[in-house]
Structure formats: C-alpha cells, structure tokens
Amino acid sequence: MAENIYPIFDRTLTKEDREKLLNQRSKVIWFTGLSGSGKSTIAIAMERELNKMGKLCYILDGDNIRNGINSNLGFSEADRNENIRRIAEISKLFVDCGVIVIAAFISPTNEIREMAKNIIGKDNFIEIFVSTPIETCEKRDIKGLYKKARKGEIKNFTGISAPFEVPNNPAVSIDTTSIELKICVEKVMSTILPLIKE
C-alpha cells in the first residue's frame, strides 16, 4: 500500500449493500479474442439486453479506455500489460459499486488474463472466449490493420507478429464465423444470468 494512504472502506457501504439496491450481482464479463473476432459487437448487444432487463452495466473497451485513462500507453508488451492492469483495477471498482462490467479486450495471454482475474477476484470474473479464427477476422478487417501488420507496418500485432494464447477454461467459447449475433448473445446470456441475478 502506498505510504500515507489510509483506506476508508471499513466505514463505507459494502458491495452487497449496493447490489441489493440495484437488484443484481455485479460481475465482470471479460471477452477475449483476436481483433475483429466480434468481442465488441457481442458486448454492445449484451448491454442492450441487460438494460432491457433492468440491469445496470457498463462496457469497457479500447475506445473508451485508450482514448482516456490509458491514452499515455503504447503497444509494447509492458504497455499492453499495464493497459490490462488498469482496466482490471477500474473493473474492480465498478464491481464494488454493484455494476455489471462488460470488458472487451484482446488480452492475448493466459498470464495477462490471470492477472486481471486476480485483481478483480476470481468469483467476479467470467471469461468469454470469442474463438473466431484469424482467417475470418482478416476478412472483416475494416481498418486495414491486418494488412498493415502483414506488411510489417504494425509491430507486435496479435495473431500476426505477437501470439494469442487460447484460454484454458473459458465459461463460454463462441466462433462468430457462421453464428448470427442473436444466437451468440443468447449463448452468453444463458451462462451469465444465473450469476448476476440477485
């Protein structure tokens, strides 16, 4: 703990107090997979479904993290690890608030995902692997990132010049190549609903 920092958590409301207020159990639904696999697409659709059910949730992804709190980080291995560490710490705070977090990040190694799980707490961490193969992801390459990576214009690009490790034991694994979005969302929802209902 940093010097001269004194926690006040023994005097505040508990996570359970806030969950009771929101009528839900807070969890982090952590989507991992290659760029273009469909992580954010499923996350956005899930947020809408949970909202319809009266559940308070919030999406964390590259757009709102890299443009804000992590705007000072690059894409070196050290910076990518720090990116995930900060995301995990933010997610932990949301969970303490009683909010359901939907996190969509490549998070390419088992080690980095394990770090996130340890920060957040294993009981609050639900790992979803969007297992869409790289061939499909490259076909969806709207921004041309894979093409640049293939030419060597982008270094340390996951799936091309940097590895992606398949999760050891995800709660759900989905290949979006031929499954429509609605079915993908239903598959994830059937797993998480028993875990988030108060």
# chains A, B, ... in the order shown; residues from 1 in each chain; ligands from 1
>>> select_by_dssp(residues="region 91-196 of chain A", states="strand (DSSP E or B)", output="count of residues only")
16
>>> select_by_dssp(residues="chain A", states="helix (DSSP H, G or I)", output="VMD selection string")
chain A and resid 9 to 11 15 to 22 39 to 52 62 to 66 77 to 96 110 to 120 122 to 124 134 to 139 145 to 150 181 to 196
>>> atom_distance(atom1="CA of Arg113 (chain A)", atom2="CA of Gly62 (chain A)")
15.8 Å
>>> residues_around(residues="region 162-179 of chain A", least_positions_apart="6", cutoff="6 Å", atoms="only C-alpha atoms", output="list in words")
Pro108, Thr109, Glu127, Ile128, Phe129, Val130, Ser131, Thr132 and Asn156 of chain A
>>> write_last_selection(atoms="all heavy atoms", output="PDB file, in the first residue's frame")
ATOM      1  N   PRO A 108      -4.141 -10.995 -24.796  1.00  0.00           N
ATOM      2  CA  PRO A 108      -3.749 -12.161 -25.582  1.00  0.00           C
ATOM      3  C   PRO A 108      -3.146 -13.366 -24.866  1.00  0.00           C
ATOM      4  O   PRO A 108      -3.088 -14.437 -25.455  1.00  0.00           O
ATOM      5  CB  PRO A 108      -2.721 -11.575 -26.560  1.00  0.00           C
ATOM      6  CG  PRO A 108      -2.135 -10.420 -25.829  1.00  0.00           C
ATOM      7  CD  PRO A 108      -3.261  -9.848 -25.024  1.00  0.00           C
ATOM      8  N   THR A 109      -2.697 -13.214 -23.636  1.00  0.00           N
ATOM      9  CA  THR A 109      -2.046 -14.353 -22.984  1.00  0.00           C
ATOM     10  C   THR A 109      -2.799 -14.807 -21.741  1.00  0.00           C
ATOM     11  O   THR A 109      -3.518 -14.030 -21.106  1.00  0.00           O
ATOM     12  CB  THR A 109      -0.604 -14.001 -22.581  1.00  0.00           C
ATOM     13  OG1 THR A 109      -0.630 -12.998 -21.547  1.00  0.00           O
ATOM     14  CG2 THR A 109       0.204 -13.494 -23.775  1.00  0.00           C
ATOM     15  N   GLU A 127     -14.980 -15.385 -17.895  1.00  0.00           N
ATOM     16  CA  GLU A 127     -14.212 -15.275 -19.142  1.00  0.00           C
ATOM     17  C   GLU A 127     -14.993 -15.849 -20.325  1.00  0.00           C
ATOM     18  O   GLU A 127     -15.449 -16.989 -20.285  1.00  0.00           O
ATOM     19  CB  GLU A 127     -12.881 -16.016 -18.993  1.00  0.00           C
ATOM     20  CG  GLU A 127     -11.948 -15.833 -20.169  1.00  0.00           C
ATOM     21  CD  GLU A 127     -10.609 -16.495 -19.921  1.00  0.00           C
ATOM     22  OE1 GLU A 127     -10.592 -17.704 -19.579  1.00  0.00           O
ATOM     23  OE2 GLU A 127      -9.577 -15.829 -20.059  1.00  0.00           O
ATOM     24  N   ILE A 128     -15.145 -15.030 -21.364  1.00  0.00           N
ATOM     25  CA  ILE A 128     -15.810 -15.435 -22.595  1.00  0.00           C
ATOM     26  C   ILE A 128     -14.791 -15.385 -23.725  1.00  0.00           C
ATOM     27  O   ILE A 128     -14.213 -14.333 -24.006  1.00  0.00           O
ATOM     28  CB  ILE A 128     -16.994 -14.495 -22.939  1.00  0.00           C
ATOM     29  CG1 ILE A 128     -17.930 -14.294 -21.726  1.00  0.00           C
ATOM     30  CG2 ILE A 128     -17.741 -15.032 -24.159  1.00  0.00           C
ATOM     31  CD1 ILE A 128     -18.625 -15.528 -21.244  1.00  0.00           C
ATOM     32  N   PHE A 129     -14.563 -16.504 -24.378  1.00  0.00           N
ATOM     33  CA  PHE A 129     -13.595 -16.580 -25.471  1.00  0.00           C
ATOM     34  C   PHE A 129     -14.324 -16.506 -26.806  1.00  0.00           C
ATOM     35  O   PHE A 129     -15.096 -17.395 -27.151  1.00  0.00           O
ATOM     36  CB  PHE A 129     -12.792 -17.872 -25.371  1.00  0.00           C
ATOM     37  CG  PHE A 129     -11.826 -18.106 -26.496  1.00  0.00           C
ATOM     38  CD1 PHE A 129     -11.145 -17.053 -27.108  1.00  0.00           C
ATOM     39  CD2 PHE A 129     -11.580 -19.396 -26.951  1.00  0.00           C
ATOM     40  CE1 PHE A 129     -10.245 -17.273 -28.144  1.00  0.00           C
ATOM     41  CE2 PHE A 129     -10.683 -19.634 -27.986  1.00  0.00           C
ATOM     42  CZ  PHE A 129     -10.014 -18.571 -28.587  1.00  0.00           C
ATOM     43  N   VAL A 130     -14.081 -15.437 -27.548  1.00  0.00           N
ATOM     44  CA  VAL A 130     -14.626 -15.315 -28.899  1.00  0.00           C
ATOM     45  C   VAL A 130     -13.576 -15.929 -29.825  1.00  0.00           C
ATOM     46  O   VAL A 130     -12.578 -15.295 -30.168  1.00  0.00           O
ATOM     47  CB  VAL A 130     -14.951 -13.848 -29.248  1.00  0.00           C
ATOM     48  CG1 VAL A 130     -15.641 -13.775 -30.604  1.00  0.00           C
ATOM     49  CG2 VAL A 130     -15.842 -13.227 -28.181  1.00  0.00           C
ATOM     50  N   SER A 131     -13.817 -17.178 -30.183  1.00  0.00           N
ATOM     51  CA  SER A 131     -12.780 -18.025 -30.793  1.00  0.00           C
ATOM     52  C   SER A 131     -12.701 -17.923 -32.313  1.00  0.00           C
ATOM     53  O   SER A 131     -12.098 -18.780 -32.966  1.00  0.00           O
ATOM     54  CB  SER A 131     -13.037 -19.485 -30.400  1.00  0.00           C
ATOM     55  OG  SER A 131     -14.300 -19.921 -30.874  1.00  0.00           O
ATOM     56  N   THR A 132     -13.305 -16.913 -32.869  1.00  0.00           N
ATOM     57  CA  THR A 132     -13.312 -16.709 -34.320  1.00  0.00           C
ATOM     58  C   THR A 132     -11.893 -16.807 -34.890  1.00  0.00           C
ATOM     59  O   THR A 132     -10.985 -16.112 -34.417  1.00  0.00           O
ATOM     60  CB  THR A 132     -13.907 -15.328 -34.649  1.00  0.00           C
ATOM     61  OG1 THR A 132     -15.141 -15.186 -33.959  1.00  0.00           O
ATOM     62  CG2 THR A 132     -14.122 -15.168 -36.139  1.00  0.00           C
ATOM     63  N   ASN A 156       4.164  -6.054 -33.229  1.00  0.00           N
ATOM     64  CA  ASN A 156       3.512  -6.708 -32.083  1.00  0.00           C
ATOM     65  C   ASN A 156       1.991  -6.792 -32.250  1.00  0.00           C
ATOM     66  O   ASN A 156       1.246  -6.524 -31.309  1.00  0.00           O
ATOM     67  CB  ASN A 156       3.848  -5.965 -30.781  1.00  0.00           C
ATOM     68  CG  ASN A 156       5.335  -5.945 -30.508  1.00  0.00           C
ATOM     69  OD1 ASN A 156       6.020  -6.943 -30.681  1.00  0.00           O
ATOM     70  ND2 ASN A 156       5.837  -4.800 -30.086  1.00  0.00           N
TER      71      ASN A 156
END
>>> closest_atom_pairs(of="region 163-197 of chain A", to="region 37-59 of chain A", cutoff="9 Å", atoms="only C-alpha atoms", output="Markdown table")
| residue | atom | partner | partner_atom | distance |
| --- | --- | --- | --- | --- |
| A:Asp175 | CA | A:Ser37 | CA | 8.0 |
| A:Thr176 | CA | A:Gly38 | CA | 6.7 |
| A:Thr177 | CA | A:Ser37 | CA | 8.4 |
| A:Leu181 | CA | A:Ile42 | CA | 6.8 |
| A:Lys182 | CA | A:Ala45 | CA | 8.3 |
| A:Cys184 | CA | A:Ile42 | CA | 7.1 |
| A:Val185 | CA | A:Met46 | CA | 6.1 |
| A:Glu186 | CA | A:Met46 | CA | 8.7 |
| A:Val188 | CA | A:Met46 | CA | 8.4 |
| A:Met189 | CA | A:Met46 | CA | 7.6 |
| A:Ile196 | CA | A:Lys55 | CA | 8.9 |
>>> write_last_selection(atoms="N, CA and C atoms", output="mmCIF file, in the first residue's frame")
data_model
loop_
_atom_site.group_PDB
_atom_site.id
_atom_site.type_symbol
_atom_site.label_atom_id
_atom_site.label_comp_id
_atom_site.auth_asym_id
_atom_site.auth_seq_id
_atom_site.Cartn_x
_atom_site.Cartn_y
_atom_site.Cartn_z
ATOM 1 N N ASP A 175 -17.492 -19.076 -31.734
ATOM 2 C CA ASP A 175 -16.914 -18.745 -33.036
ATOM 3 C C ASP A 175 -18.002 -18.025 -33.834
ATOM 4 N N THR A 176 -17.793 -16.749 -34.105
ATOM 5 C CA THR A 176 -18.821 -15.939 -34.768
ATOM 6 C C THR A 176 -18.810 -16.060 -36.292
ATOM 7 N N THR A 177 -17.996 -16.957 -36.813
ATOM 8 C CA THR A 177 -17.882 -17.086 -38.273
ATOM 9 C C THR A 177 -19.230 -17.331 -38.937
ATOM 10 N N LEU A 181 -25.552 -12.995 -34.589
ATOM 11 C CA LEU A 181 -25.338 -12.258 -33.348
ATOM 12 C C LEU A 181 -26.338 -12.649 -32.266
ATOM 13 N N LYS A 182 -27.596 -12.769 -32.618
ATOM 14 C CA LYS A 182 -28.637 -13.099 -31.640
ATOM 15 C C LYS A 182 -28.319 -14.393 -30.905
ATOM 16 N N CYS A 184 -25.323 -15.779 -30.554
ATOM 17 C CA CYS A 184 -24.127 -15.542 -29.729
ATOM 18 C C CYS A 184 -24.511 -14.921 -28.393
ATOM 19 N N VAL A 185 -25.373 -13.916 -28.458
ATOM 20 C CA VAL A 185 -25.804 -13.223 -27.237
ATOM 21 C C VAL A 185 -26.586 -14.177 -26.336
ATOM 22 N N GLU A 186 -27.476 -14.956 -26.927
ATOM 23 C CA GLU A 186 -28.273 -15.907 -26.143
ATOM 24 C C GLU A 186 -27.378 -16.923 -25.440
ATOM 25 N N VAL A 188 -24.228 -16.524 -24.423
ATOM 26 C CA VAL A 188 -23.546 -15.891 -23.295
ATOM 27 C C VAL A 188 -24.537 -15.601 -22.176
ATOM 28 N N MET A 189 -25.696 -15.083 -22.532
ATOM 29 C CA MET A 189 -26.699 -14.713 -21.525
ATOM 30 C C MET A 189 -27.137 -15.921 -20.713
ATOM 31 N N ILE A 196 -25.741 -13.307 -12.201
ATOM 32 C CA ILE A 196 -25.938 -11.881 -11.921
ATOM 33 C C ILE A 196 -27.284 -11.564 -11.280
#
>>> closest_atom_pairs(of="region 34-119 of chain A", to="region 134-155 of chain A", cutoff="12 Å", atoms="only C-alpha atoms", output="CSV")
residue,atom,partner,partner_atom,distance
A:Leu34,CA,A:Ile134,CA,7.2
A:Ser35,CA,A:Cys137,CA,6.7
A:Gly36,CA,A:Cys137,CA,4.7
A:Ser37,CA,A:Cys137,CA,5.5
A:Gly38,CA,A:Cys137,CA,8.4
A:Lys39,CA,A:Cys137,CA,11.1
A:Gly74,CA,A:Lys155,CA,11.2
A:Phe75,CA,A:Lys155,CA,8.4
A:Ser76,CA,A:Lys155,CA,8.7
A:Glu77,CA,A:Lys155,CA,10.7
>>> write_last_selection(atoms="N, CA, C and O atoms", output="compact mmCIF listing (two decimals), in the first residue's frame")
# COMPACT_ATOMS: atom_id res chain seq x y z
N LEU A 34 -9.23 -12.38 -30.81
CA LEU A 34 -8.47 -11.58 -31.76
C LEU A 34 -9.22 -10.31 -32.17
O LEU A 34 -10.44 -10.23 -32.03
N SER A 35 -8.47 -9.36 -32.70
CA SER A 35 -9.08 -8.17 -33.29
C SER A 35 -10.00 -8.60 -34.43
O SER A 35 -9.60 -9.39 -35.29
N GLY A 36 -11.24 -8.12 -34.43
CA GLY A 36 -12.18 -8.49 -35.47
C GLY A 36 -12.96 -9.75 -35.19
O GLY A 36 -13.76 -10.19 -36.03
N SER A 37 -12.78 -10.34 -34.03
CA SER A 37 -13.45 -11.60 -33.72
C SER A 37 -14.93 -11.42 -33.41
O SER A 37 -15.72 -12.35 -33.55
N GLY A 38 -15.31 -10.20 -32.97
CA GLY A 38 -16.71 -9.94 -32.64
C GLY A 38 -16.95 -9.62 -31.18
O GLY A 38 -18.10 -9.54 -30.74
N LYS A 39 -15.88 -9.40 -30.43
CA LYS A 39 -15.99 -9.13 -28.99
C LYS A 39 -16.89 -7.93 -28.70
O LYS A 39 -17.85 -8.02 -27.92
N GLY A 74 1.42 2.95 -25.06
CA GLY A 74 1.62 2.47 -26.43
C GLY A 74 1.24 1.01 -26.54
O GLY A 74 0.37 0.52 -25.81
N PHE A 75 1.93 0.28 -27.42
CA PHE A 75 1.58 -1.11 -27.66
C PHE A 75 2.77 -2.06 -27.45
O PHE A 75 2.77 -3.17 -27.97
N SER A 76 3.75 -1.60 -26.69
CA SER A 76 4.83 -2.50 -26.30
C SER A 76 4.26 -3.54 -25.34
O SER A 76 3.15 -3.38 -24.81
N GLU A 77 4.99 -4.60 -25.09
CA GLU A 77 4.50 -5.64 -24.18
C GLU A 77 4.24 -5.06 -22.79
O GLU A 77 3.21 -5.36 -22.16
>>> closest_residue(among="A:Ile106, A:Ile126, A:Ile160, A:Cys97", to="Thr12 (chain A)", atoms="only C-alpha atoms")
A:Cys97
>>> atom_distance(atom1="CA of Ile84 (chain A)", atom2="CA of Ser190 (chain A)")
26.7 Å
>>> atom_distance(atom1="CA of Val28 (chain A)", atom2="CA of Ser107 (chain A)")
14.2 Å
>>> closest_residue(among="A:Leu13, A:Leu60, A:Ile120, A:Ile69", to="Glu82 (chain A)", atoms="only C-alpha atoms")
A:Ile69
>>> residues_around(residues="Asn70 (chain A)", least_positions_apart="6", cutoff="12 Å", atoms="only C-alpha atoms", output="ChimeraX atom specification")
/A:60-64,79-87,90
>>> write_last_selection(atoms="N, CA and C atoms", output="compact mmCIF listing (two decimals), in the first residue's frame")
# COMPACT_ATOMS: atom_id res chain seq x y z
N LEU A 60 -16.51 -1.61 -21.10
CA LEU A 60 -15.15 -1.10 -21.19
C LEU A 60 -14.51 -1.74 -22.42
N ASP A 61 -13.98 -0.92 -23.33
CA ASP A 61 -13.25 -1.45 -24.47
C ASP A 61 -12.18 -0.45 -24.90
N GLY A 62 -11.50 -0.76 -25.98
CA GLY A 62 -10.39 0.08 -26.41
C GLY A 62 -10.77 1.52 -26.66
N ASP A 63 -12.00 1.75 -27.14
CA ASP A 63 -12.40 3.12 -27.48
C ASP A 63 -12.48 4.03 -26.26
N ASN A 64 -13.10 3.54 -25.18
CA ASN A 64 -13.23 4.44 -24.02
C ASN A 64 -12.05 4.35 -23.06
N ASP A 79 3.55 -1.92 -22.00
CA ASP A 79 2.39 -1.03 -22.03
C ASP A 79 1.07 -1.81 -22.15
N ARG A 80 1.08 -2.89 -22.89
CA ARG A 80 -0.13 -3.70 -23.03
C ARG A 80 -0.48 -4.37 -21.70
N ASN A 81 0.54 -4.80 -20.97
CA ASN A 81 0.30 -5.37 -19.64
C ASN A 81 -0.27 -4.32 -18.69
N GLU A 82 0.29 -3.12 -18.76
CA GLU A 82 -0.20 -2.03 -17.90
C GLU A 82 -1.61 -1.64 -18.30
N ASN A 83 -1.91 -1.68 -19.59
CA ASN A 83 -3.26 -1.39 -20.07
C ASN A 83 -4.27 -2.33 -19.41
N ILE A 84 -3.98 -3.63 -19.43
CA ILE A 84 -4.89 -4.60 -18.83
C ILE A 84 -4.93 -4.45 -17.31
N ARG A 85 -3.80 -4.16 -16.68
CA ARG A 85 -3.79 -3.97 -15.23
C ARG A 85 -4.71 -2.83 -14.82
N ARG A 86 -4.64 -1.72 -15.52
CA ARG A 86 -5.50 -0.58 -15.20
C ARG A 86 -6.97 -0.91 -15.45
N ILE A 87 -7.24 -1.61 -16.56
CA ILE A 87 -8.62 -2.00 -16.87
C ILE A 87 -9.17 -2.88 -15.75
N ILE A 90 -9.99 -0.75 -12.73
CA ILE A 90 -11.23 0.00 -12.97
C ILE A 90 -12.43 -0.93 -12.83
>>> closest_residue(among="A:Glu114, A:Glu180, A:Phe105, A:Val95", to="Arg66 (chain A)", atoms="only C-alpha atoms")
A:Phe105
